[in-house]
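Dumped final.pdb below, it's PDB, C-alpha atoms, pLDDT in the B column:
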```
ATOM      1  CA  MET E  13     -22.574   9.278  -6.319  1.00 75.00           C
ATOM      2  CA  THR E  14     -23.628  10.929  -9.573  1.00 79.00           C
ATOM      3  CA  SER E  15     -24.127  14.222  -7.747  1.00 83.00           C
ATOM      4  CA  VAL E  16     -20.629  13.921  -6.227  1.00 80.00           C
ATOM      5  CA  LEU E  17     -19.104  13.421  -9.678  1.00 83.00           C
ATOM      6  CA  THR E  18     -21.064  16.397 -10.997  1.00 83.00           C
ATOM      7  CA  PHE E  19     -19.784  18.534  -8.123  1.00 82.00           C
ATOM      8  CA  LEU E  20     -16.166  17.495  -8.696  1.00 84.00           C
ATOM      9  CA  ASP E  21     -16.511  18.196 -12.416  1.00 84.00           C
ATOM     10  CA  SER E  22     -17.702  21.735 -11.663  1.00 89.00           C
ATOM     11  CA  LEU E  23     -14.812  22.670  -9.357  1.00 89.00           C
ATOM     12  CA  HIS E  24     -12.194  25.262 -10.261  1.00 93.00           C
ATOM     13  CA  PRO E  25      -8.726  23.633 -10.553  1.00 93.00           C
ATOM     14  CA  GLY E  26      -7.483  25.617  -7.561  1.00 94.00           C
ATOM     15  CA  TRP E  27     -10.318  24.458  -5.334  1.00 93.00           C
ATOM     16  CA  PHE E  28      -9.889  20.848  -6.456  1.00 94.00           C
ATOM     17  CA  THR E  29      -6.156  21.045  -5.694  1.00 96.00           C
ATOM     18  CA  LEU E  30      -6.957  22.244  -2.182  1.00 96.00           C
ATOM     19  CA  LEU E  31      -9.521  19.446  -1.797  1.00 95.00           C
ATOM     20  CA  ALA E  32      -6.979  16.877  -3.034  1.00 95.00           C
ATOM     21  CA  LEU E  33      -4.388  18.141  -0.548  1.00 97.00           C
ATOM     22  CA  VAL E  34      -6.855  17.911   2.335  1.00 96.00           C
ATOM     23  CA  GLU E  35      -7.847  14.407   1.228  1.00 94.00           C
ATOM     24  CA  ASN E  36      -4.250  13.174   1.194  1.00 94.00           C
ATOM     25  CA  VAL E  37      -3.413  14.791   4.532  1.00 95.00           C
ATOM     26  CA  VAL E  38      -6.498  13.106   6.020  1.00 94.00           C
ATOM     27  CA  LEU E  39      -5.378   9.739   4.595  1.00 91.00           C
ATOM     28  CA  VAL E  40      -1.981  10.075   6.290  1.00 91.00           C
ATOM     29  CA  GLY E  41      -3.668  11.016   9.556  1.00 91.00           C
ATOM     30  CA  LEU E  42      -6.171   8.194   9.214  1.00 88.00           C
ATOM     31  CA  GLY E  43      -3.360   5.739   8.547  1.00 84.00           C
ATOM     32  CA  ALA E  44      -1.524   6.870  11.673  1.00 84.00           C
ATOM     33  CA  LEU E  45      -4.713   6.689  13.748  1.00 87.00           C
ATOM     34  CA  LEU E  46      -5.773   3.239  12.540  1.00 81.00           C
ATOM     35  CA  GLY E  47      -2.236   1.986  13.039  1.00 80.00           C
ATOM     36  CA  HIS E  48      -2.239   3.348  16.590  1.00 79.00           C
ATOM     37  CA  VAL E  49      -5.470   1.443  17.285  1.00 81.00           C
ATOM     38  CA  ALA E  50      -4.219  -1.783  15.655  1.00 75.00           C
ATOM     39  CA  LEU E  51      -1.035  -1.726  17.733  1.00 74.00           C
ATOM     40  CA  ARG E  52      -3.199  -1.918  20.838  1.00 76.00           C
ATOM     41  CA  LEU E  53      -5.386  -4.824  19.767  1.00 73.00           C
ATOM     42  CA  PRO E  54      -5.422  -7.745  22.241  1.00 73.00           C
ATOM     43  CA  GLY E  55      -2.788 -10.285  21.306  1.00 68.00           C
ATOM     44  CA  ALA E  56      -0.821  -7.968  18.993  1.00 71.00           C
ATOM     45  CA  ARG E  57       2.829  -8.936  19.481  1.00 74.00           C
ATOM     46  CA  ARG E  58       5.708  -6.878  18.152  1.00 74.00           C
ATOM     47  CA  LEU E  59       7.816  -8.714  15.572  1.00 78.00           C
ATOM     48  CA  THR E  60      10.500  -6.021  15.299  1.00 75.00           C
ATOM     49  CA  PRO E  61      12.050  -3.666  17.860  1.00 75.00           C
ATOM     50  CA  ASP E  62      10.126  -0.510  18.734  1.00 75.00           C
ATOM     51  CA  PRO E  63      11.101   2.131  16.133  1.00 76.00           C
ATOM     52  CA  GLY E  64      11.260   4.952  18.686  1.00 75.00           C
ATOM     53  CA  PRO E  65      10.465   8.601  17.905  1.00 78.00           C
ATOM     54  CA  VAL E  66       9.710   9.698  14.327  1.00 80.00           C
ATOM     55  CA  GLU E  67      12.916  10.848  12.627  1.00 81.00           C
ATOM     56  CA  PRO E  68      13.117  14.122  10.632  1.00 88.00           C
ATOM     57  CA  LEU E  69      13.974  12.194   7.429  1.00 87.00           C
ATOM     58  CA  GLU E  70      10.917   9.968   7.826  1.00 86.00           C
ATOM     59  CA  LEU E  71       8.668  12.982   8.402  1.00 90.00           C
ATOM     60  CA  ALA E  72      10.160  14.782   5.381  1.00 93.00           C
ATOM     61  CA  LEU E  73       9.499  11.757   3.152  1.00 91.00           C
ATOM     62  CA  VAL E  74       5.906  11.543   4.410  1.00 92.00           C
ATOM     63  CA  VAL E  75       5.371  15.217   3.533  1.00 95.00           C
ATOM     64  CA  SER E  76       6.981  14.691   0.117  1.00 95.00           C
ATOM     65  CA  THR E  77       4.773  11.668  -0.607  1.00 94.00           C
ATOM     66  CA  THR E  78       1.671  13.618   0.432  1.00 96.00           C
ATOM     67  CA  VAL E  79       2.563  16.385  -2.025  1.00 96.00           C
ATOM     68  CA  VAL E  80       3.244  13.881  -4.830  1.00 96.00           C
ATOM     69  CA  ASN E  81      -0.016  12.024  -4.123  1.00 96.00           C
ATOM     70  CA  THR E  82      -1.866  15.335  -4.260  1.00 97.00           C
ATOM     71  CA  ALA E  83      -0.311  16.074  -7.653  1.00 97.00           C
ATOM     72  CA  ILE E  84      -1.287  12.589  -8.891  1.00 96.00           C
ATOM     73  CA  THR E  85      -4.860  13.137  -7.676  1.00 96.00           C
ATOM     74  CA  VAL E  86      -5.041  16.458  -9.544  1.00 96.00           C
ATOM     75  CA  ALA E  87      -3.583  14.833 -12.679  1.00 97.00           C
ATOM     76  CA  GLY E  88      -6.242  12.134 -12.479  1.00 95.00           C
ATOM     77  CA  TRP E  89      -8.929  14.812 -12.151  1.00 95.00           C
ATOM     78  CA  TRP E  90      -7.620  16.594 -15.259  1.00 96.00           C
ATOM     79  CA  LEU E  91      -7.606  13.331 -17.219  1.00 96.00           C
ATOM     80  CA  TRP E  92     -11.155  12.607 -16.030  1.00 94.00           C
ATOM     81  CA  THR E  93     -12.516  16.034 -16.949  1.00 94.00           C
ATOM     82  CA  ASP E  94     -10.826  15.693 -20.376  1.00 94.00           C
ATOM     83  CA  GLY E  95     -12.473  12.299 -20.937  1.00 93.00           C
ATOM     84  CA  VAL E  96      -9.260  10.236 -20.861  1.00 96.00           C
ATOM     85  CA  ILE E  97     -10.391   8.543 -17.653  1.00 95.00           C
ATOM     86  CA  VAL E  98     -14.041   7.438 -17.559  1.00 94.00           C
ATOM     87  CA  LEU E  99     -15.787   6.724 -14.248  1.00 93.00           C
ATOM     88  CA  ARG E 100     -19.104   4.993 -13.604  1.00 91.00           C
ATOM     89  CA  ALA E 101     -21.362   5.839 -10.667  1.00 89.00           C
ATOM     90  CA  GLY E 102     -23.068   2.435 -10.473  1.00 82.00           C
ATOM     91  CA  LEU E 103     -22.770   0.012  -7.562  1.00 86.00           C
ATOM     92  CA  ASP E 104     -23.433  -3.395  -9.134  1.00 89.00           C
ATOM     93  CA  LEU E 105     -21.894  -6.807  -9.786  1.00 92.00           C
ATOM     94  CA  ALA E 106     -19.633  -5.225 -12.379  1.00 92.00           C
ATOM     95  CA  ALA E 107     -18.224  -2.933  -9.686  1.00 93.00           C
ATOM     96  CA  ILE E 108     -17.376  -5.971  -7.521  1.00 94.00           C
ATOM     97  CA  ALA E 109     -15.679  -7.646 -10.483  1.00 95.00           C
ATOM     98  CA  GLU E 110     -13.753  -4.447 -11.187  1.00 95.00           C
ATOM     99  CA  LEU E 111     -12.545  -4.354  -7.583  1.00 95.00           C
ATOM    100  CA  ALA E 112     -11.253  -7.914  -7.921  1.00 94.00           C
ATOM    101  CA  VAL E 113      -9.504  -7.017 -11.183  1.00 93.00           C
ATOM    102  CA  LEU E 114      -7.936  -3.906  -9.643  1.00 94.00           C
ATOM    103  CA  VAL E 115      -6.560  -5.878  -6.699  1.00 94.00           C
ATOM    104  CA  LEU E 116      -5.127  -8.658  -8.859  1.00 93.00           C
ATOM    105  CA  VAL E 117      -3.672  -6.391 -11.551  1.00 94.00           C
ATOM    106  CA  MET E 118      -2.200  -3.899  -9.096  1.00 93.00           C
ATOM    107  CA  ASP E 119      -0.790  -6.751  -6.994  1.00 95.00           C
ATOM    108  CA  ALA E 120       1.057  -8.097 -10.032  1.00 95.00           C
ATOM    109  CA  LEU E 121       2.285  -4.667 -11.150  1.00 93.00           C
ATOM    110  CA  MET E 122       3.357  -3.670  -7.645  1.00 92.00           C
ATOM    111  CA  TYR E 123       5.280  -6.922  -7.232  1.00 95.00           C
ATOM    112  CA  LEU E 124       7.042  -6.237 -10.538  1.00 94.00           C
ATOM    113  CA  GLY E 125       7.780  -2.637  -9.588  1.00 91.00           C
ATOM    114  CA  HIS E 126       8.947  -3.635  -6.111  1.00 91.00           C
ATOM    115  CA  ALA E 127      11.247  -6.314  -7.500  1.00 92.00           C
ATOM    116  CA  THR E 128      12.624  -3.771  -9.990  1.00 91.00           C
ATOM    117  CA  VAL E 129      13.551  -1.159  -7.365  1.00 89.00           C
ATOM    118  CA  HIS E 130      15.317  -3.909  -5.413  1.00 88.00           C
ATOM    119  CA  LEU E 131      17.713  -4.505  -8.314  1.00 88.00           C
ATOM    120  CA  ARG E 132      21.253  -3.573  -7.334  1.00 84.00           C
ATOM    121  CA  PRO E 133      21.643  -0.587  -9.744  1.00 84.00           C
ATOM    122  CA  LEU E 134      18.392   1.022  -8.526  1.00 81.00           C
ATOM    123  CA  PHE E 135      18.101   0.113  -4.847  1.00 83.00           C
ATOM    124  CA  PRO E 136      20.714   2.565  -3.456  1.00 83.00           C
ATOM    125  CA  TRP E 137      19.238   5.488  -5.401  1.00 83.00           C
ATOM    126  CA  VAL E 138      15.525   4.917  -4.893  1.00 80.00           C
ATOM    127  CA  HIS E 139      14.169   2.248  -2.564  1.00 83.00           C
ATOM    128  CA  ARG E 140      16.914   2.304   0.072  1.00 81.00           C
ATOM    129  CA  LEU E 141      15.283   5.364   1.645  1.00 77.00           C
ATOM    130  CA  HIS E 142      12.201   3.332   2.544  1.00 81.00           C
ATOM    131  CA  HIS E 143      14.349   0.587   4.058  1.00 79.00           C
ATOM    132  CA  VAL E 144      16.215   2.997   6.294  1.00 78.00           C
ATOM    133  CA  PHE E 145      13.245   2.416   8.588  1.00 73.00           C
ATOM    134  CA  ALA E 146      13.678  -1.318   9.220  1.00 67.00           C
ATOM    135  CA  ASP E 147      11.563  -1.284  12.393  1.00 66.00           C
ATOM    136  CA  ALA E 148       8.476   0.137  10.729  1.00 69.00           C
ATOM    137  CA  ARG E 149       5.582   2.115  12.147  1.00 76.00           C
ATOM    138  CA  PRO E 150       2.246   2.906  10.361  1.00 79.00           C
ATOM    139  CA  ILE E 151       3.499   6.241   9.017  1.00 82.00           C
ATOM    140  CA  THR E 152       6.412   4.425   7.302  1.00 83.00           C
ATOM    141  CA  LEU E 153       3.871   3.450   4.630  1.00 83.00           C
ATOM    142  CA  PHE E 154       4.200   7.004   3.298  1.00 88.00           C
ATOM    143  CA  ALA E 155       7.974   7.321   3.729  1.00 86.00           C
ATOM    144  CA  LEU E 156       8.871   6.832   0.060  1.00 88.00           C
ATOM    145  CA  HIS E 157      11.373   8.277  -2.385  1.00 88.00           C
ATOM    146  CA  PRO E 158       9.482  10.776  -4.608  1.00 91.00           C
ATOM    147  CA  LEU E 159      10.257   8.666  -7.695  1.00 89.00           C
ATOM    148  CA  GLU E 160       8.520   5.678  -6.100  1.00 90.00           C
ATOM    149  CA  ALA E 161       5.442   7.726  -5.256  1.00 91.00           C
ATOM    150  CA  ILE E 162       5.361   9.121  -8.806  1.00 94.00           C
ATOM    151  CA  GLY E 163       5.808   5.644 -10.295  1.00 90.00           C
ATOM    152  CA  PHE E 164       2.954   4.156  -8.287  1.00 90.00           C
ATOM    153  CA  GLY E 165       0.697   7.104  -9.141  1.00 92.00           C
ATOM    154  CA  ALA E 166       1.516   6.938 -12.848  1.00 93.00           C
ATOM    155  CA  MET E 167       0.824   3.182 -12.877  1.00 91.00           C
ATOM    156  CA  TRP E 168      -2.530   3.830 -11.201  1.00 92.00           C
ATOM    157  CA  LEU E 169      -3.531   6.496 -13.742  1.00 95.00           C
ATOM    158  CA  VAL E 170      -2.625   4.247 -16.680  1.00 94.00           C
ATOM    159  CA  ILE E 171      -4.840   1.460 -15.296  1.00 94.00           C
ATOM    160  CA  LEU E 172      -7.749   3.903 -14.859  1.00 94.00           C
ATOM    161  CA  ALA E 173      -7.335   5.179 -18.412  1.00 95.00           C
ATOM    162  CA  ILE E 174      -7.590   1.671 -19.881  1.00 93.00           C
ATOM    163  CA  HIS E 175     -11.067   0.792 -18.603  1.00 90.00           C
ATOM    164  CA  PRO E 176     -14.105   2.737 -17.272  1.00 92.00           C
ATOM    165  CA  PHE E 177     -14.194   1.731 -13.599  1.00 94.00           C
ATOM    166  CA  SER E 178     -16.945   2.213 -11.042  1.00 94.00           C
ATOM    167  CA  VAL E 179     -16.213   4.916  -8.466  1.00 94.00           C
ATOM    168  CA  TRP E 180     -17.263   2.407  -5.812  1.00 94.00           C
ATOM    169  CA  ALA E 181     -14.605  -0.046  -6.993  1.00 95.00           C
ATOM    170  CA  LEU E 182     -11.963   2.696  -6.852  1.00 94.00           C
ATOM    171  CA  ALA E 183     -13.023   3.742  -3.351  1.00 93.00           C
ATOM    172  CA  ALA E 184     -12.995   0.131  -2.102  1.00 95.00           C
ATOM    173  CA  TYR E 185      -9.562  -0.483  -3.637  1.00 95.00           C
ATOM    174  CA  ALA E 186      -8.181   2.712  -2.056  1.00 92.00           C
ATOM    175  CA  ALA E 187      -9.494   1.559   1.338  1.00 92.00           C
ATOM    176  CA  LEU E 188      -7.995  -1.926   0.936  1.00 93.00           C
ATOM    177  CA  ASN E 189      -4.671  -0.462  -0.160  1.00 91.00           C
ATOM    178  CA  LEU E 190      -4.566   1.766   2.917  1.00 89.00           C
ATOM    179  CA  ILE E 191      -5.504  -1.109   5.246  1.00 89.00           C
ATOM    180  CA  PHE E 192      -2.884  -3.479   3.797  1.00 90.00           C
ATOM    181  CA  GLY E 193      -0.283  -0.707   3.917  1.00 87.00           C
ATOM    182  CA  ILE E 194      -1.015   0.119   7.543  1.00 85.00           C
ATOM    183  CA  LEU E 195      -1.057  -3.516   8.693  1.00 84.00           C
ATOM    184  CA  GLY E 196       2.158  -4.275   6.821  1.00 84.00           C
ATOM    185  CA  HIS E 197       4.008  -1.438   8.572  1.00 83.00           C
ATOM    186  CA  LEU E 198       2.816  -2.026  12.130  1.00 80.00           C
ATOM    187  CA  GLY E 199       5.771  -4.171  13.133  1.00 80.00           C
ATOM    188  CA  VAL E 200       3.273  -6.533  14.794  1.00 81.00           C
ATOM    189  CA  GLU E 201       1.038  -9.446  13.806  1.00 82.00           C
ATOM    190  CA  PRO E 202      -2.446  -8.492  15.095  1.00 83.00           C
ATOM    191  CA  LEU E 203      -4.362 -11.371  13.474  1.00 85.00           C
ATOM    192  CA  PRO E 204      -5.244 -14.237  15.854  1.00 86.00           C
ATOM    193  CA  PRO E 205      -3.741 -17.679  15.106  1.00 88.00           C
ATOM    194  CA  ALA E 206      -7.062 -19.204  14.006  1.00 90.00           C
ATOM    195  CA  VAL E 207      -7.406 -16.532  11.323  1.00 91.00           C
ATOM    196  CA  ARG E 208      -3.804 -16.765  10.120  1.00 90.00           C
ATOM    197  CA  ARG E 209      -4.029 -20.551   9.770  1.00 92.00           C
ATOM    198  CA  HIS E 210      -7.055 -20.396   7.473  1.00 93.00           C
ATOM    199  CA  VAL E 211      -6.344 -21.555   3.925  1.00 93.00           C
ATOM    200  CA  VAL E 212      -7.322 -18.098   2.610  1.00 94.00           C
ATOM    201  CA  PHE E 213      -4.276 -16.608   4.312  1.00 94.00           C
ATOM    202  CA  ARG E 214      -1.977 -18.954   2.479  1.00 94.00           C
ATOM    203  CA  TRP E 215      -2.676 -16.679  -0.477  1.00 95.00           C
ATOM    204  CA  VAL E 216      -3.751 -13.397   1.138  1.00 95.00           C
ATOM    205  CA  ALA E 217      -0.813 -11.616   2.758  1.00 94.00           C
ATOM    206  CA  THR E 218      -0.868 -11.307   6.535  1.00 91.00           C
ATOM    207  CA  PRO E 219       0.659  -8.220   8.241  1.00 86.00           C
ATOM    208  CA  ALA E 220       3.742 -10.275   9.155  1.00 86.00           C
ATOM    209  CA  MET E 221       4.570 -10.754   5.484  1.00 90.00           C
ATOM    210  CA  HIS E 222       5.597  -7.148   4.828  1.00 87.00           C
ATOM    211  CA  VAL E 223       7.126  -6.876   8.293  1.00 84.00           C
ATOM    212  CA  GLY E 224       9.361  -9.738   7.180  1.00 85.00           C
ATOM    213  CA  HIS E 225      10.311  -7.799   4.060  1.00 87.00           C
ATOM    214  CA  HIS E 226      11.512  -4.881   6.174  1.00 82.00           C
ATOM    215  CA  ALA E 227      13.533  -7.332   8.279  1.00 82.00           C
ATOM    216  CA  ASP E 228      15.085  -9.006   5.207  1.00 85.00           C
ATOM    217  CA  PRO E 229      14.527  -7.183   1.878  1.00 87.00           C
ATOM    218  CA  ARG E 230      15.365 -10.284  -0.168  1.00 89.00           C
ATOM    219  CA  PHE E 231      11.965 -11.776   0.607  1.00 93.00           C
ATOM    220  CA  ASN E 232       8.222 -11.011   0.600  1.00 94.00           C
ATOM    221  CA  LEU E 233       8.043  -8.526  -2.261  1.00 94.00           C
ATOM    222  CA  GLY E 234       4.271  -8.860  -2.705  1.00 94.00           C
ATOM    223  CA  PHE E 235       1.624  -6.649  -1.126  1.00 93.00           C
ATOM    224  CA  TYR E 236      -1.887  -8.093  -1.181  1.00 95.00           C
ATOM    225  CA  THR E 237      -1.164 -11.747  -1.929  1.00 96.00           C
ATOM    226  CA  THR E 238       1.636 -14.287  -1.655  1.00 96.00           C
ATOM    227  CA  VAL E 239       0.998 -15.545  -5.206  1.00 96.00           C
ATOM    228  CA  TRP E 240       3.938 -13.869  -6.933  1.00 96.00           C
ATOM    229  CA  ASP E 241       6.404 -14.550  -4.132  1.00 96.00           C
ATOM    230  CA  ARG E 242       5.477 -18.235  -4.220  1.00 96.00           C
ATOM    231  CA  LEU E 243       5.687 -18.306  -8.004  1.00 96.00           C
ATOM    232  CA  PHE E 244       9.093 -16.594  -8.235  1.00 96.00           C
ATOM    233  CA  GLY E 245      10.672 -18.062  -5.103  1.00 95.00           C
ATOM    234  CA  THR E 246      10.915 -14.830  -3.109  1.00 96.00           C
ATOM    235  CA  LEU E 247       8.684 -15.881  -0.206  1.00 96.00           C
ATOM    236  CA  GLU E 248      10.509 -15.953   3.130  1.00 93.00           C
ATOM    237  CA  PRO E 249      11.339 -19.652   3.755  1.00 91.00           C
ATOM    238  CA  GLY E 250       9.835 -19.673   7.242  1.00 88.00           C
ATOM    239  CA  TYR E 251       6.815 -17.515   6.458  1.00 91.00           C
ATOM    240  CA  ASP E 252       4.188 -20.277   6.506  1.00 92.00           C
ATOM    241  CA  LEU E 253       5.495 -21.620   9.824  1.00 90.00           C
ATOM    242  CA  ARG E 254       5.484 -18.103  11.258  1.00 86.00           C
ATOM    243  CA  ARG E 255       1.981 -17.528   9.899  1.00 88.00           C
ATOM    244  CA  ALA E 256       0.653 -20.677  11.565  1.00 87.00           C
ATOM    245  CA  ALA E 257       2.462 -20.220  14.892  1.00 85.00           C
ATOM    246  CA  ALA E 258       0.380 -19.485  17.974  1.00 76.00           C
ATOM    247  CA  VAL E 259       2.953 -16.834  18.923  1.00 74.00           C
ATOM    248  CA  PRO E 260       5.060 -15.753  15.910  1.00 77.00           C
ATOM    249  CA  GLU E 261       8.774 -15.455  16.570  1.00 77.00           C
ATOM    250  CA  PRO E 262      10.143 -11.900  16.266  1.00 76.00           C
ATOM    251  CA  TYR E 263      12.319 -11.103  13.262  1.00 76.00           C
ATOM    252  CA  ARG E 264      16.016 -11.016  14.006  1.00 65.00           C
ATOM    253  CA  GLY E 265      17.211  -9.542  10.720  1.00 51.00           C
ATOM    254  CA  ALA E 266      17.546  -5.900   9.808  1.00 44.00           C
ATOM    255  CA  CYS E 267      17.947  -4.206   6.461  1.00 43.00           C
TER     256      CYS E 267
END
```
Please rewrite the model in this file as structure tokens.
Amino acid sequence: MTSVLTFLDSLHPGWFTLLALVENVVLVGLGALLGHVALRLPGARRLTPDPGPVEPLELALVVSTTVVNTAITVAGWWLWTDGVIVLRAGLDLAAIAELAVLVLVMDALMYLGHATVHLRPLFPWVHRLHHVFADARPITLFALHPLEAIGFGAMWLVILAIHPFSVWALAAYAALNLIFGILGHLGVEPLPPAVRRHVVFRWVATPAMHVGHHADPRFNLGFYTTVWDRLFGTLEPGYDLRRAAAVPEPYRGAC
């Protein structure tokens, strides 16, 4: 990992920008591919209607988000090469602790940000675009208003500038974020009943949780956990029953 960091530090800004663009395009493609596979898992049952063909607006937002994410990646690289962001190469217990901190802190901040963009003065101008696609598909994860993508990226860079994180912790968090995002936008619940009923998934969000948010935007504002929704009363009233059901009922609402 040290050699990778040395290589990245030596790159010309133009070459790093190209690398960052390729990386973000690959992430979108990987998200679509993994989502395609997950939709075909045995027992996966659609909870929302089939979204149909990809719409031009959705595709345009995905392209816009990819460009913004590339710019955020380049900004992070600049801050790292200037010493504002400090990265460690070590894979140790501290890296595992840092991953846990990243998940918990980002979960809280993303809940706060998500609740904010759902406020009446902001929702029509920013977050409504994402909710145009009520019957989500994996690629909907990237269909965001540019201001939302910028806000998430800026929040991420601020967190990285506060503490020197392990590269391994960052990579693991990025993978978890992608997995949760894909599963939450499948429109299906692929987890078997025995898994969903486990006490861990009372607190860890199942795919159906974010599907429920797209069906009724008043509820399920969290991403990785149900902690904040339970604490602030925004958890869908029937979520725990749906989570425990052998065959979850499809969502009837639409945003």
List the neighbours of Gly165 (chain E) out to 8 Å using all atoms listed in the file; skip same-chain residues closer than 4 positions along the sequence, and give me the result as an mmCIF file with C-alpha atoms, in the coordinates of the input.
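Final file, out_8.cif:
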```cif
data_model
loop_
_atom_site.group_PDB
_atom_site.id
_atom_site.type_symbol
_atom_site.label_atom_id
_atom_site.label_comp_id
_atom_site.auth_asym_id
_atom_site.auth_seq_id
_atom_site.Cartn_x
_atom_site.Cartn_y
_atom_site.Cartn_z
ATOM 1 C CA ASN E 81 -0.016 12.024 -4.123
ATOM 2 C CA ILE E 84 -1.287 12.589 -8.891
ATOM 3 C CA ALA E 161 5.442 7.726 -5.256
ATOM 4 C CA LEU E 169 -3.531 6.496 -13.742
#
```
Kindly give the distance, in Å, that separates CA of Pro262 (chain E) and CA of His143 (chain E), rounded to a single decimal.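 Answer for the CA of Pro262 (chain E) to CA of His143 (chain E) separation: 18.0 Å.
We find CA of Gly43 (chain E) and CA of Leu116 (chain E) to be spaced 22.7 Å apart.
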Reference answer for the PyMOL selection byres ((chain E and resi 203) around 8), as a PyMOL selection string
chain E and resi 56+201-202+204-205+207-208+218-219
Selected residues written out with C-alpha atoms, as a PDB file, in the frame of the given file:
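The file below, part.pdb, is the result:
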```pdb
ATOM      1  CA  ALA E  56      -0.821  -7.968  18.993  1.00 71.00           C
ATOM      2  CA  GLU E 201       1.038  -9.446  13.806  1.00 82.00           C
ATOM      3  CA  PRO E 202      -2.446  -8.492  15.095  1.00 83.00           C
ATOM      4  CA  PRO E 204      -5.244 -14.237  15.854  1.00 86.00           C
ATOM      5  CA  PRO E 205      -3.741 -17.679  15.106  1.00 88.00           C
ATOM      6  CA  VAL E 207      -7.406 -16.532  11.323  1.00 91.00           C
ATOM      7  CA  ARG E 208      -3.804 -16.765  10.120  1.00 90.00           C
ATOM      8  CA  THR E 218      -0.868 -11.307   6.535  1.00 91.00           C
ATOM      9  CA  PRO E 219       0.659  -8.220   8.241  1.00 86.00           C
TER      10      PRO E 219
END
```
*In Å, how far is it from CA of Asp104 (chain E) to CA of Thr14 (chain E)?*
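Distance reported for this atom pair: 14.3 Å.
Nearest to Leu45 (chain E) of all the residues E:Ala120, E:Leu198, E:Ala206, E:Val98 is E:Leu198, counting all atoms listed in the file.
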Note to self: If the PyMOL selection byres ((chain E and resi 254) around 12) were run on this exact file, what residues would it hold? Put them as a PyMOL selection string.
What the structure shows: chain E and resi 59+201+205+208-209+214+218-221+223-224+248-253+255-263
(message) At a cut-off of 10 Å, using all atoms listed in the file, what residues contact Trp168 (chain E)? Leave out same-chain residues fewer than 5 positions from it and give the result as a list in words.
(response)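 What passes the distance filter is Ile84, Gly88, Leu114, Met118, Leu121, Ile162, Gly163 and Ala173 of chain E.
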Residues near region 134-142 of chain E, cut-off 7 Å, all atoms listed in the file, skip fewer than 3 positions along chain, as a PyMOL selection string: chain E and resi 129-131+145+155-157
Contacts of Leu182 (chain E) at 9 Å (all atoms listed in the file; same-chain gap of 5+ positions) as a VMD selection string: chain E and resid 107 110 to 111 114 177 187
| request: Run the PyMOL selection byres ((chain E and resi 247) around 8) mentally over the shown coordinates, then write out the matched residues as an MDAnalysis selection string, using the chain letters and numbers from the document. | output: chainID E and resid 231:233 238 241:242 245:246 248:249 251
Give the padded box for region 52-61 of chain E as lines of an AutoDock Vina configuration file: axis-aligned, covering all atoms listed in the file, 8 Å on each side, centre and edge lengths in Å to one decimal.
```
center_x = 3.3
center_y = -6.1
center_z = 18.8
size_x = 33.5
size_y = 24.4
size_z = 22.9
```
Taking only C-alpha atoms into account, which of E:His175, E:Tyr236, E:Ile194, E:Val40 comes nearest Leu71 (chain E)?
->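 The answer is E:Val40, which sits nearest to Leu71 (chain E).
The nearest approach to Leu105 (chain E) among the residues E:Trp215, E:Ile174, E:Gly125, E:Trp180, with only C-alpha atoms taken into account, belongs to E:Trp180.
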Nearest to Phe164 (chain E), restricted to only C-alpha atoms and choosing among E:Val200, E:Ala183, E:Leu99, E:Met122, comes out as E:Met122
